[in-house]
Amino acid sequence: GISNYEDAVSVMEQTKCHAVMAATGYLGNHRCFDMKSVEPEYLALEYLDSAEQYPPPSYLYIQKHLRWIFRDTLQPKNDPCFDKRDYSDYRVKLLSFLVRPYLRSIEQYRLFVALYVKLSSDEKYNQAPASIRHLIDDVTFGSVKKAGKIIRYVKD
């Protein structure tokens with residue numbers, strides 16, 4: 001499929017078509033036609049801002065979209081050391097955690113992004129998006145889960 005500008009140009013030149021469709025490419029990177037690379041944590045936070053402003057019909061839409069955004073990072077295809085059955089790998093834990101049914105709020109998903117940054121690398125930690133920097137030090141799998149209980153309690 002079409003996942004970046006170069007793919008689109010190449011297909012258009014080869015087929016002499018006037019346009020291309022990039023639906024799947026946009027799921028993983030809604031900036032796929034920008035000429036620069038954007039880290040998944042920034043893409044995820046932009047998406048969450050949009051989802052907060054224009055709520056989808058169900059939290060499952062958010063969950064699925066975040067899986068697309070983080071797919072290449074949390075489930076790398078070309079990493080011979082990656083084993084999706086190795087639960088000691090933070091990437092396996094995060095990908096599995098993202099599909100838990102108790103993750104239902106924008107705040108929980110923001111905390112998930114903060115947890116991703118915290119567990120990823122020192123470089124990501126030092127270059128964390130400003131909007132979640134204050135969350136990173138204290139976030140844990142448990143605090144993400146509990147955030148949903150607090151939010152549901154407040155709503156009732």
# chains A, B, ... in the order shown; residues from 1 in each chain; ligands from 1
call {"tool": "residues_around", "arguments": {"residues": "Leu60 in chain A", "least_positions_apart": "3", "cutoff": "12 Å", "atoms": "only C-alpha atoms", "output": "list in words"}}
result
Ala51, Pro55, Pro56, Pro57, Gln63, Lys64, His65, Leu66, Arg67, Leu98, Val99, Arg100, Pro101, Tyr102, Leu103, Arg104, Ser105, Ile106 and Tyr109 of chain A
call {"tool": "select_by_dssp", "arguments": {"residues": "chain A", "states": "helix (DSSP H, G or I)", "output": "VMD selection string"}}
result
chain A and resid 5 to 15 23 to 28 40 to 53 59 to 74 90 to 98 106 to 120 122 to 126 133 to 136 141 to 155
call {"tool": "closest_residue", "arguments": {"among": "A:Ser120, A:Ser96, A:Asn4, A:Ser143", "to": "Gln108 in chain A", "atoms": "only C-alpha atoms"}}
result
A:Ser143
call {"tool": "closest_residue", "arguments": {"among": "A:Pro40, A:Ala8, A:Asp89, A:Leu94", "to": "Ala128 in chain A", "atoms": "only C-alpha atoms"}}
result
A:Pro40
call {"tool": "atom_distance", "arguments": {"atom1": "CA of His134 in chain A", "atom2": "CA of Leu111 in chain A"}}
result
10.4 Å
call {"tool": "atom_distance", "arguments": {"atom1": "CA of Ala147 in chain A", "atom2": "CA of Leu74 in chain A"}}
result
22.8 Å
call {"tool": "closest_residue", "arguments": {"among": "A:Lys93, A:Phe70, A:Ser88, A:Ala23", "to": "Leu43 in chain A", "atoms": "only C-alpha atoms"}}
result
A:Phe70
